[in-house]
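Peer 1: Encoded as structure tokens, here's the structure I'll be asking about.
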4 protein chains.
Amino acid sequence: MGFARKEYEFLSEIGLSSRNLGCYVDGTWKANGPVVTSVNPANNQAIAEVVEGSIEDYEEGMRACSEAAKIWMQVPAPKRGEIVRQIGDALRTKLQELGRLVSLEMGKILPEGIGEVQEIIDMCDFSVGLSRQLNGSVIPSERPNHAMLEMWNPLGIVGVITAFNFPCAVLGWNACIALVCGNCVVWKGAPTTPLITIAMTRLVAGVLEKNNLPPAIFTSFCGGADIGQAVAKDTRIPLVSFTGSSKVGLKVQQIVNQRFGKCLLELSGNNAIIVMDDANIQLAVRSVMFAAVGTAGQRCTTCRRLLLHESIYQRVLDQLLDVYKQVKIGDPLEKGTLLGPLHTSESRKNFEKGIEIIKSQGGKIITGGSLIESEGNFVQPTIVEISPNADVVKEELFAPVLYVMKFQTLQEAIEINNSVPQGLSSSIFTRQPGVIFKWIGPQGSDCGIVNVNIPTNGAEIGGAFGGEKATGGGREAGSDSWKQYMRRSTCTINYGNELPLAQGINFG
Amino acid sequence: MGFARKEYEFLSEIGLSSRNLGCYVDGTWKANGPVVTSVNPANNQAIAEVVEGSIEDYEEGMRACSEAAKIWMQVPAPKRGEIVRQIGDALRTKLQELGRLVSLEMGKILPEGIGEVQEIIDMCDFSVGLSRQLNGSVIPSERPNHAMLEMWNPLGIVGVITAFNFPCAVLGWNACIALVCGNCVVWKGAPTTPLITIAMTRLVAGVLEKNNLPPAIFTSFCGGADIGQAVAKDTRIPLVSFTGSSKVGLKVQQIVNQRFGKCLLELSGNNAIIVMDDANIQLAVRSVMFAAVGTAGQRCTTCRRLLLHESIYQRVLDQLLDVYKQVKIGDPLEKGTLLGPLHTSESRKNFEKGIEIIKSQGGKIITGGSLIESEGNFVQPTIVEISPNADVVKEELFAPVLYVMKFQTLQEAIEINNSVPQGLSSSIFTRQPGVIFKWIGPQGSDCGIVNVNIPTNGAEIGGAFGGEKATGGGREAGSDSWKQYMRRSTCTINYGNELPLAQGINFG
Amino acid sequence: MGFARKEYEFLSEIGLSSRNLGCYVDGTWKANGPVVTSVNPANNQAIAEVVEGSIEDYEEGMRACSEAAKIWMQVPAPKRGEIVRQIGDALRTKLQELGRLVSLEMGKILPEGIGEVQEIIDMCDFSVGLSRQLNGSVIPSERPNHAMLEMWNPLGIVGVITAFNFPCAVLGWNACIALVCGNCVVWKGAPTTPLITIAMTRLVAGVLEKNNLPPAIFTSFCGGADIGQAVAKDTRIPLVSFTGSSKVGLKVQQIVNQRFGKCLLELSGNNAIIVMDDANIQLAVRSVMFAAVGTAGQRCTTCRRLLLHESIYQRVLDQLLDVYKQVKIGDPLEKGTLLGPLHTSESRKNFEKGIEIIKSQGGKIITGGSLIESEGNFVQPTIVEISPNADVVKEELFAPVLYVMKFQTLQEAIEINNSVPQGLSSSIFTRQPGVIFKWIGPQGSDCGIVNVNIPTNGAEIGGAFGGEKATGGGREAGSDSWKQYMRRSTCTINYGNELPLAQGINFG
Amino acid sequence: MGFARKEYEFLSEIGLSSRNLGCYVDGTWKANGPVVTSVNPANNQAIAEVVEGSIEDYEEGMRACSEAAKIWMQVPAPKRGEIVRQIGDALRTKLQELGRLVSLEMGKILPEGIGEVQEIIDMCDFSVGLSRQLNGSVIPSERPNHAMLEMWNPLGIVGVITAFNFPCAVLGWNACIALVCGNCVVWKGAPTTPLITIAMTRLVAGVLEKNNLPPAIFTSFCGGADIGQAVAKDTRIPLVSFTGSSKVGLKVQQIVNQRFGKCLLELSGNNAIIVMDDANIQLAVRSVMFAAVGTAGQRCTTCRRLLLHESIYQRVLDQLLDVYKQVKIGDPLEKGTLLGPLHTSESRKNFEKGIEIIKSQGGKIITGGSLIESEGNFVQPTIVEISPNADVVKEELFAPVLYVMKFQTLQEAIEINNSVPQGLSSSIFTRQPGVIFKWIGPQGSDCGIVNVNIPTNGAEIGGAFGGEKATGGGREAGSDSWKQYMRRSTCTINYGNELPLAQGINFG
């Protein structure tokens with residue numbers, strides 16, 4: 001079926017049409033749930049329709065997935081790596097189209113849309129290497145003729161529930177690792193980005209098919225809270241990776257824990273940039289700009305709080321106001337645009353409400369603060385002077401709103417940084433080694449991401465991504481994040497004929 | 001104050017008297033809560049009295065501990081290791097007395113009591129080495145003039161809530177690692193083993209004092225559920241390590257998660273030994289004996305289910321009945337005793353109730369099954385023939401009761417092994433490499449401990465200890481368990497003057 | 001220029017012609033040394049001519065390479081990984097042609113020729129992952145305000161001298177790792193396989209060009225001993241990776257050490273397979289066949305010694321003679337051929353001489369032992385009964401000659417296995433865990449490769465490849481082999497204002 | 001037998017007398033070689049006599065050691081760790097006496113003598129932890145039903161040849177690790193420090209005896225070049241760890257390589273400190289002082305070259321001259337002494353010759369440069385202005401002579417740092433992150449030790465110690481140095497019934 005607008009026609013190259021079935025169940029596209037419309041946030045016009053999954057679809061998918069799990073976990077890890085390599089290559093061939101779709105459906109600017117897909121490709125490459133390095137250990141035993149092995153085995157099935165702001169990269173972080181680790185993946189994408197969910201799934205499905213593997217290794221659903229809840233409750237899913245708000249994440253965690261499942265949580269951030277008096281101001285200003293305005297303030301790593309040393313407070317603020325003035329707002333697919341729309345009209349309303357609360361709590365709007373009249377969900381990039389102790393500062397307003405504060409000492413700055421419930425990302429601008437090492441040390445930032453002279457956002461996949469406290473404690477992407485996707489066994493093998501006991505105990 | 005019985009006088013050598021204050025708060029022994037009596041399970045007579053802590057004591061302790069945390073986390077890790085080394089040496093000088101106390105107050109036989117203390121000493125030695133190996137990583141960055149570091153920093157304070165069955169070893173597992181990692185320790189011992197809590201604390205306190213360190217680095221409380229709940233709720237304690245039942249553990253976890261703290265859970269086990277047709281039967285029988293009768297069936301790793309291949313079923317059972325007959329039951333401090341009392345008279349009642357339920361669900365008592373008339377909490381070591389599907393088999397009856405079952409194929413045996421909610425320990429007896437590797441592989445045992453030709457119990461400290469599913473997922477002791485006691489930061493340091501972005505994104 | 005024979009025309013698809021310049025120097029193909037003819041070992045007819053490099057060519061190449069090194073080591077490792085990924089993809093597009101060339105010029109059968117190229121592709125994939133995991137460490141310092149980092153930096157230039165039997169895979173093992181580690185590669189291929197050297201180089205060069213990188217990052221020479229010696233002596237090359245005989249390797253090592261350079265040596269093997277009385281005989285026979293006859297006995301991992309337990313001696317020997325009879329000998333490019341020619345007519349003469357020596361030392365030829373009359377360098381697959389103590393058994397005869405010996409106990413078999421100067425590969429066939437763990441333990445095989453129930457040859461790239469004693473001690477391919485291609489620095493950074501000394505020393 | 005001087009009487013507390021047998025052979029003290037006199041470098045008077053070992057003593061020792069090796073490598077690693085722990089405790093009880101002996105016989109000041117013994121104690125503690133962490137790996141295999149293990153096994157015997165300047169610490173670095181790794185140790189101490197060799201050996205021997213272990217696990221010889229050569233040539237010693245000059249080290253390496261043994265070399269250093277214009281000058285001056293004057297310039301990590309930025313050249317030099325004036329020279333056992341004698345009268349002559357060469361090559365003596373008239377081997381602490389290109393600057397003069405040079409740019413300073421044949425230690429003083437990371441990065445210092453704001457000497461045991469180029473490339477103490485003391489096997493175990501080949505090859 002053709003698309004309503006010519007500029008959507010590229011979508012047919014990644015397997016989409018004007019009406020799409022939203023579930024990939026045992027190798028078949030089907031869907032028996034409600035029909036939803038995917039909307040372009042830049043103009044609130046329909047892009048295409050998607051039929052979401054019903055609970056019956058889910059159940060059918062999970063049955064097939066459970067069967068597929070038995071086969072997939074037996075495939076040697078390096079062979080699984082080869083599949084993930086092919087997924088990376090499939091993404092390479094459609095990088096532009098997928099990036100464009102991310103920009104179109106989510107609303108982020110095109111370079112960020114393409115960057116998001118590139119991140120999955122990077123994850124694929126990384127995971128291929130990992131597929132020969134999911135190493136256990138041979139540990140010296142204190143007992144003669146005993147071997148102690150630490151083994152890492154697949155969990156079976158990993159459930160991945162993703163959010164609209166990174167509609168495919170977060171799937172990529174999880175799925176690449178989960179797959180090489182020997183797990184099947186069950187994906188529920190965000191309800192407002194179903195086209196990306198479908199397009200991504202099509203690419204993965206194509207690779208599985210080509211390799212004659214059970215298609216249910218990758219099972220995916222467009223759907224809402226009911227499907228999410230089904231995943232959380234499902235005892236067949238030992239690990240649920242959830243990205244979203246702290247509030248919802250906590251609920252998911254309680255449901256999953258209740259059945260003794262595990263969670264990998266990537267929840268809210270409330271990320272600060274500290275600018276010290278010795279900082280490279282130009283670098284700082286560019287970084288704040290990217291961190292606060294990029295993705296229209298809808299990254300979990302968006303900079304929401306700017307802590308300026310009193311001695312350079314005004315200078316930084318002035319320069320920042322200067323660059324804010326030059327921010328090109330508009331269609332995210334257009335070249336040169338830096339600020340696209342918020343993702344939904346509801347987000348736009350939340351922004352409006354947020355500004356009211358800010359004002360009521362003593363916040364002073366220095367620039368922005370208003371909605372932009374248009375068909376789309378555009379708002380002004382906003383800077384607010386406010387006390388670090390205001391209640392609103394402790395919360396995550398998912399919009400391009402930056403709170404600016406003043407501090408006198410490094411210790412004070414660190415205390416403010418650490419004073420919010422969230423603990424995702426943080427950054428300091430300084431040129432003093434003593435400050436740098438204090439900042440990344442035991443009494444420095446309490447976040448999972450602790451940067452120096454770069455923004456709070458824009459992580460590389462080689463490091464572990466995630467945060468502490470209300471951010472949920474999970475780690476995705478690089479480092480040893482893969483261990484979360486496997487179960488560890490401590491195995492002691494007695495290959496002799498005696499029975500010596502640990503700690504030299506004599507029994508009988 | 002003198003002890004009621006002469007045989008308790010050795011307790012004065014480890015700082016105990018007939019009445020003891022139960023809280024070590026900022027370097028002072030105090031306690032304002034209820035008075036409890038510590039009882040010898042072998043005769044139910046009083047050993048000594050202990051005053052438990054009140055919530056006010058707790059609060060005072062935590063205030064001091066929070067202050068001490070600021071200092072302790074700044075002490076270089078190898079210096080912290082030196083303190084833990086001294087703790088190990090202090091334990092060495094009192095090994096016999098402490099082991100004796102464990103046997104006296106908990107009820108396990110003396111070799112096990114001494115073995116438990118030895119395990120803490122081993123942990124100390126291990127942790128000293130670790131204090132120079134709490135390594136972060138330097139990860140290659142994709143951006144020029146950027147360094148990526150993965151840093152591990154202390155959490156601050158670790159709360160440790162331990163159970164009666166390992167009244168000090170579990171503290172040792174946690175505290176040794178927590179301390180070298182730079183954390184203060186807040187310990188709540190089991191309500192029924194307060195003397196051990198006090199004696200252990202005295203030894204640790206002595207070392208801190210000798211080194212002029214803030215005594216509140218180690219803060220300890222005798223107390224009950226109210227203190228436990230205070231720990232769970234306390235936002236000053238980022239990590240709560242809890243050992244106990246799955247039911248209580250789940251509650252603790254929900255309270256801790258609610259405040260976005262972390263849990264390290266060591267909960268119930270329901271551990272099976274599988275004996276294949278090619279097994280070394282003699283080795284198997286000795287192992288089952290140690291695993292099922294040792295510590296009167298009150299280890300979390302106690303073997304509760306014995307899965308016998310049909311071809312050797314009767315032979316193993318006969319031999320087992322033979323050795324059961326020879327088990328010497330009696331005073332755990334007496335030489336030659338293999339089976340001491342249950343820990344409390346309530347445990348004894350639970351045993352009685354358990355036997356009733358077993359019978360009502362079709363279980364056939366092959367040996368034992370009765371209480372033993374005496375002053376103490378003695379019960380008969382019991383073997384039951386029962387279906388693997390009986391409800392009672394899915395639960396952990398904390399007593400020397402062994403369920404015996406028959407199987408035909410390895411796959412069937414593994415399915416039965418994995419069919420319970422718990423996932424702590426498991427063991428197979430076989431001499432076939434194919435069976436061994438299947439057992440420790442993706443479709444083998446789903447437990448955290450997966451043994452071959454040794455019992456389910458008796459772990460070495462070099463490996464990670466803990467289990468999956470209802471056992472809670474935590475890992476203690478060796479391997480990289482230490483990472484749970486630290487917070488990880490991914491730090492990217494830009495030491496150049498440019499601002500390249502990850503994934504090659506261009507912004508502005 | 002056209003090729004003499006039609007069946008060589010496929011060579012033009014990988015950049016070869018009937019006359020080729022043999023050096024890739026700063027992005028240009030040139031050569032001013034002697035002209036050599038590449039010969040098909042199956043018929044000793046010319047394939048094509050190659051002009052080898054002169055010392056002046058070498059010098060010019062090294063000057064450019066030294067300049068390129070300054071740039072390449074600054075490229076972030078993940079970007080270097082991307083280049084290696086593209087090399088892998090380039091190889092994929094020419095897998096069949098390259099494999100065919102390996103078979104044609106070296107003489108191994110086609111599946112092995114293709115397998116060899118596949119191994120480089122696998123190495124590329126592995127190295128891409130590695131490019132984000134060349135991790136240093138952050139080690140806890142005993143001094144306050146000090147950070148201790150273990151850094152891994154590139155060496156600069158790695159020289160790779162390879163042998164005819166793996167004319168490109170060994171380059172692949174070295175170059176993939178060396179390149180992601182930030183080193184330029186200088187390659188001297190074997191004098192008798194210049195076409196493979198050129199074809200491989202063309203593919204790599206194409207990728208460098210496409211990415212606008214200095215072509216001298218990969219510098220390659222066809223040439224003989226003079227070029228090899230120049231590499232060994234060259235102080236600009238901190239690491240020389242040499243594959244070849246123990247005798248030559250030792251010389252290379254002494255020259256390199258004299259200038260305080262490092263060597264990575266892959267020298268002779270003399271590999272045994274032990275068959276225990278409980279072995280799966282069928283598996284053992286198939287394995288011995290592949291290990292002894294494969295690559296016409298010209299692998300460094302070829303099985304040269306077969307140790308049979310006396311109880312199954314005759315049975316295994318009989319089955320082996322049976323399968324030897326069925327070995328199809330002939331053109332390696334022909335389907336079904338299992339045994340191709342030896343690589344050169346000199347190898348054929350060495351075989352002849354070897355058989356004479358064997359006989360003179362009491363060896364009894366059970367099958368084979370003769371040359372095969374033909375245009376090519378064919379010899380019969382040979383089995384010899386001989387004492388393990390015969391001198392000839394201690395040496396590596398590079399031909400399909402298998403020495404068979406009898407043993408009574410495991411210990412005796414291990415002693416024989418370890419009784420030769422070489423220590424590359426070894427294998428045992430057994431089904432007893434006790435034997436397996438003894439074999440891989442402190443008193444088992446002293447080789448770098450210690451297999452169970454598989455042949456001595458056919459290593460996976462995920463493990464480290466290499467051997468002990470006269471085999472040279474180097475490790476290539478997987479595990480942490482990459483560390484040999486980097487230099488390690490222990491860096492201690494004082495970011496405070498005090499000067500505490502290690503070991504608590506007071507000075508002044 | 002009594003000592004000549006009263007102040008030597010403390011030596012009897014560590015098992016020494018006025019005449020001592022110098023070999024510990026299979027648990028017996030014996031010696032049939034020449035008699036040498038140990039001399040106090042502060043006054044050149046005899047301390048005591050020692051009978052050195054003959055080649056027959058050596059042979060007897062090695063026979064026993066070879067037998068002991070078979071037993072020791074079978075002892076589980078954690079039990080070996082317990083032995084090393086006890087060695088540490090034995091050293092603790094004699095720390096003062098041993099430190100005093102080091103000071104007396106070697107000539108370093110007392111705090112350094114005690115520090116040296118403390119370093120062995122630290123190594124013991126570290127090694128105990130290591131004894132449960134000598135981990136191999138379980139690597140994912142690409143073949144179904146195959147397990148790939150990387151195993152680390154003991155080498156058997158490690159030969160340790162140490163130098164006079166660290167007469168016991170270097171033994172400690174090697175022996176602690178070698179022992180927990182399962183190796184016996186054969187030690188040849190420096191010919192001029194035999195008393196330390198004997199005293200250290202006595203302590204170790206006492207622990208072995210107490211534990212009923214074969215005493216030949218630790219075999220030690222006082223002796224000269226003939227014993228050293230015997231070690232180098234001995235095929236029973238797979239690894240020779242040698243500390244000494246580059247010239248001798250190179251010879252040892254060639255002898256050991258000839259028999260395909262391995263070397264661990266710690267050879268000459270020629271270490272520079274760079275002081276940037278932004279440095280903390282006071283910190284730098286104190287550091288240079290400790291690094292250039294400490295141990296009378298006889299550390300391999302002694303600072304021999306001081307590179308000063310032109311802008312602070314005179315200021316640093318002036319301050320340095322100031323502190324040099326205050327250096328107290330005299331008896332190293334006396335409190336407050338900072339500079340003791342050179343170790344031998346020959347060293348004193350070498351100093352004299354060195355000064356002549358310096359002058360002849362244009363060096364300008366700024367302070368010092370003369371011998372000090374006395375009974376002992378005292379010389380003046382010396383500072384020389386000289387060109388970085390002078391030949392003498394490329395060599396290691398083992399005396400307190402510091403070459404001072406001027407530079408203009410960081411790059412120039414790094415080039416000078418890297419322009420010598422040696423590559424042990426180096427240090428920069430700066431407060432700029434960009435400079436720090438360049439210094440420790442691919443184009444920074446080429447040394448094994450790369451410090452920032454601390455001296456070149458005074459390493460912590462947690463890091464790897466050693467250097468590149470003419471320093472020999474070995475690494476001792478922490479990090480993964482232990483791997484050099486073990487042999488690595490890549491083990492692939494087929495536990496199935498099929499024979500799939502790597503790289504998907506089909507054979508037959």
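Every chain in the structure tokens takes a letter, A first, then B, and so on in the order presented; its residues are numbered from 1, and the ligands are numbered from 1 following the presented order.
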Step one, run DSSP on the backbone; step two, keep only residues of segment 115-337 of chain B assigned to helix (DSSP H, G or I); then write them as JSON, numbers by chain.
Peer 2: {"B": [115, 116, 117, 118, 119, 120, 121, 122, 123, 124, 125, 126, 127, 128, 129, 130, 169, 170, 171, 172, 173, 174, 175, 176, 177, 178, 179, 180, 194, 195, 196, 197, 198, 199, 200, 201, 202, 203, 204, 205, 206, 207, 208, 209, 210, 215, 216, 217, 225, 226, 227, 228, 229, 230, 231, 232, 233, 246, 247, 248, 249, 250, 251, 252, 253, 254, 255, 256, 257, 258, 281, 282, 283, 284, 285, 286, 287, 288, 289, 290, 291, 292, 293, 294, 295, 296, 297, 310, 311, 312, 313, 314, 315, 316, 317, 318, 319, 320, 321, 322, 323, 324, 325, 326]}
Peer 1: Find the residues in chain D near chain B: any atom within 8 Å counts, using only C-alpha atoms. Write them as a PyMOL selection string.
Peer 2: chain D and resi 125-130+132-133+433-434+437+462+479+495-496
Peer 1: Any chance you could export the current selection's all heavy atoms as a compact mmCIF listing (two decimals), in the first residue's frame?
Peer 2:
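Wrote it out as again-v2.txt, contents follow:
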```
# COMPACT_ATOMS: atom_id res chain seq x y z
N ASP D 125 52.08 -11.14 51.17
CA ASP D 125 50.65 -10.90 51.34
C ASP D 125 49.93 -10.93 50.00
O ASP D 125 48.86 -11.53 49.86
CB ASP D 125 50.42 -9.55 52.02
CG ASP D 125 50.93 -9.52 53.44
OD1 ASP D 125 51.22 -10.60 54.00
OD2 ASP D 125 51.06 -8.42 54.00
N PHE D 126 50.52 -10.26 49.04
CA PHE D 126 49.93 -10.20 47.70
C PHE D 126 49.81 -11.60 47.09
O PHE D 126 48.80 -11.97 46.50
CB PHE D 126 50.80 -9.30 46.83
CG PHE D 126 50.38 -9.18 45.39
CD1 PHE D 126 49.29 -8.38 45.06
CD2 PHE D 126 51.04 -9.85 44.38
CE1 PHE D 126 48.90 -8.26 43.73
CE2 PHE D 126 50.66 -9.73 43.06
CZ PHE D 126 49.59 -8.93 42.73
N SER D 127 50.87 -12.38 47.26
CA SER D 127 50.92 -13.71 46.64
C SER D 127 49.92 -14.67 47.27
O SER D 127 49.41 -15.57 46.60
CB SER D 127 52.33 -14.28 46.75
OG SER D 127 53.27 -13.39 46.19
N VAL D 128 49.67 -14.51 48.55
CA VAL D 128 48.67 -15.35 49.20
C VAL D 128 47.32 -15.18 48.50
O VAL D 128 46.66 -16.16 48.14
CB VAL D 128 48.53 -14.99 50.69
CG1 VAL D 128 47.43 -15.82 51.33
CG2 VAL D 128 49.85 -15.18 51.41
N GLY D 129 46.93 -13.93 48.27
CA GLY D 129 45.69 -13.68 47.54
C GLY D 129 45.74 -14.31 46.16
O GLY D 129 44.79 -14.94 45.70
N LEU D 130 46.87 -14.13 45.50
CA LEU D 130 47.06 -14.65 44.16
C LEU D 130 46.88 -16.17 44.10
O LEU D 130 46.47 -16.72 43.07
CB LEU D 130 48.49 -14.31 43.72
CG LEU D 130 48.75 -14.00 42.26
CD1 LEU D 130 47.81 -12.92 41.75
CD2 LEU D 130 50.20 -13.56 42.07
N ARG D 132 44.74 -18.03 45.04
CA ARG D 132 43.39 -18.47 44.67
C ARG D 132 42.92 -17.77 43.39
O ARG D 132 41.74 -17.79 43.05
CB ARG D 132 42.40 -18.16 45.80
CG ARG D 132 42.63 -19.00 47.05
CD ARG D 132 41.53 -18.76 48.08
NE ARG D 132 41.82 -19.38 49.35
CZ ARG D 132 41.41 -20.61 49.71
NH1 ARG D 132 40.67 -21.31 48.91
NH2 ARG D 132 41.73 -21.09 50.90
N GLN D 133 43.84 -17.12 42.70
CA GLN D 133 43.44 -16.34 41.52
C GLN D 133 44.36 -16.57 40.33
O GLN D 133 44.42 -15.72 39.43
CB GLN D 133 43.46 -14.85 41.88
CG GLN D 133 42.45 -14.44 42.92
CD GLN D 133 42.65 -12.99 43.29
OE1 GLN D 133 43.65 -12.61 43.88
NE2 GLN D 133 41.70 -12.16 42.91
N PRO D 433 46.69 18.01 32.26
CA PRO D 433 46.20 16.70 31.83
C PRO D 433 46.67 16.34 30.42
O PRO D 433 47.02 15.18 30.16
CB PRO D 433 44.68 16.85 31.87
CG PRO D 433 44.42 17.95 32.83
CD PRO D 433 45.59 18.87 32.75
N GLY D 434 46.71 17.31 29.52
CA GLY D 434 47.13 17.01 28.15
C GLY D 434 48.55 16.47 28.10
O GLY D 434 48.86 15.55 27.35
N PHE D 437 48.63 12.80 29.71
CA PHE D 437 48.16 11.71 28.86
C PHE D 437 49.05 11.52 27.63
O PHE D 437 49.18 10.41 27.12
CB PHE D 437 46.69 11.91 28.50
CG PHE D 437 45.76 11.50 29.61
CD1 PHE D 437 45.16 12.45 30.44
CD2 PHE D 437 45.50 10.17 29.85
CE1 PHE D 437 44.33 12.06 31.49
CE2 PHE D 437 44.67 9.77 30.89
CZ PHE D 437 44.08 10.73 31.71
N GLY D 462 52.00 -3.64 43.63
CA GLY D 462 50.77 -4.00 42.92
C GLY D 462 50.89 -3.87 41.41
O GLY D 462 50.18 -4.52 40.66
N SER D 479 50.43 -7.00 38.94
CA SER D 479 49.69 -7.17 37.69
C SER D 479 49.69 -8.66 37.31
O SER D 479 49.56 -9.50 38.18
CB SER D 479 50.30 -6.30 36.59
OG SER D 479 49.53 -6.38 35.41
N TYR D 495 33.97 -33.61 24.04
CA TYR D 495 33.25 -34.55 24.90
C TYR D 495 32.05 -35.17 24.19
O TYR D 495 31.22 -35.82 24.81
CB TYR D 495 32.84 -33.89 26.22
CG TYR D 495 32.05 -32.62 26.08
CD1 TYR D 495 30.69 -32.63 25.91
CD2 TYR D 495 32.69 -31.38 26.14
CE1 TYR D 495 29.96 -31.46 25.78
CE2 TYR D 495 31.98 -30.20 26.00
CZ TYR D 495 30.61 -30.25 25.82
OH TYR D 495 29.91 -29.08 25.68
N GLY D 496 32.01 -34.95 22.88
CA GLY D 496 30.94 -35.55 22.08
C GLY D 496 31.47 -36.73 21.29
O GLY D 496 32.56 -37.24 21.55
```
Peer 1: Within 9 Å of Leu342 of chain D, counting only C-alpha atoms, which residues show up once you throw out same-chain ones fewer than 4 positions away? Write them as JSON, numbers by chain, please.
Peer 2: {"D": [41, 42, 106, 107, 108, 295, 296, 297, 298, 346, 347, 348, 376, 377, 378, 379, 398, 399, 400]}
Peer 1: Using atom CA of Ser54 of chain A and atom CA of Ala31 of chain A as the two end points, give the distance in Å to one decimal.
Peer 2: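 So the two atoms, atom CA of Ser54 of chain A and atom CA of Ala31 of chain A, lie 6.7 Å apart.
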Peer 1: I'd like to know which of B:Leu307, B:Val75, B:Pro442, B:Leu424 is closest to Val384 of chain B, using only C-alpha atoms.
Peer 2: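 Closest residue, counting only C-alpha atoms: B:Leu307.
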Peer 1: Neighbours of segment 390-394 of chain D within 7 Å (only C-alpha atoms; same-chain residues fewer than 5 positions away dropped), as a ChimeraX atom specification?
Peer 2: /D:358,361,420-421
Peer 1: Please run DSSP on the backbone and report, as a ChimeraX atom specification, all residues within segment 17-260 of chain C that come out as strand (DSSP E).
Peer 2: /C:19-21,23-25,28-30,35-40,45-51,136-139,146-154,157-161,184-188,218-221,239-243
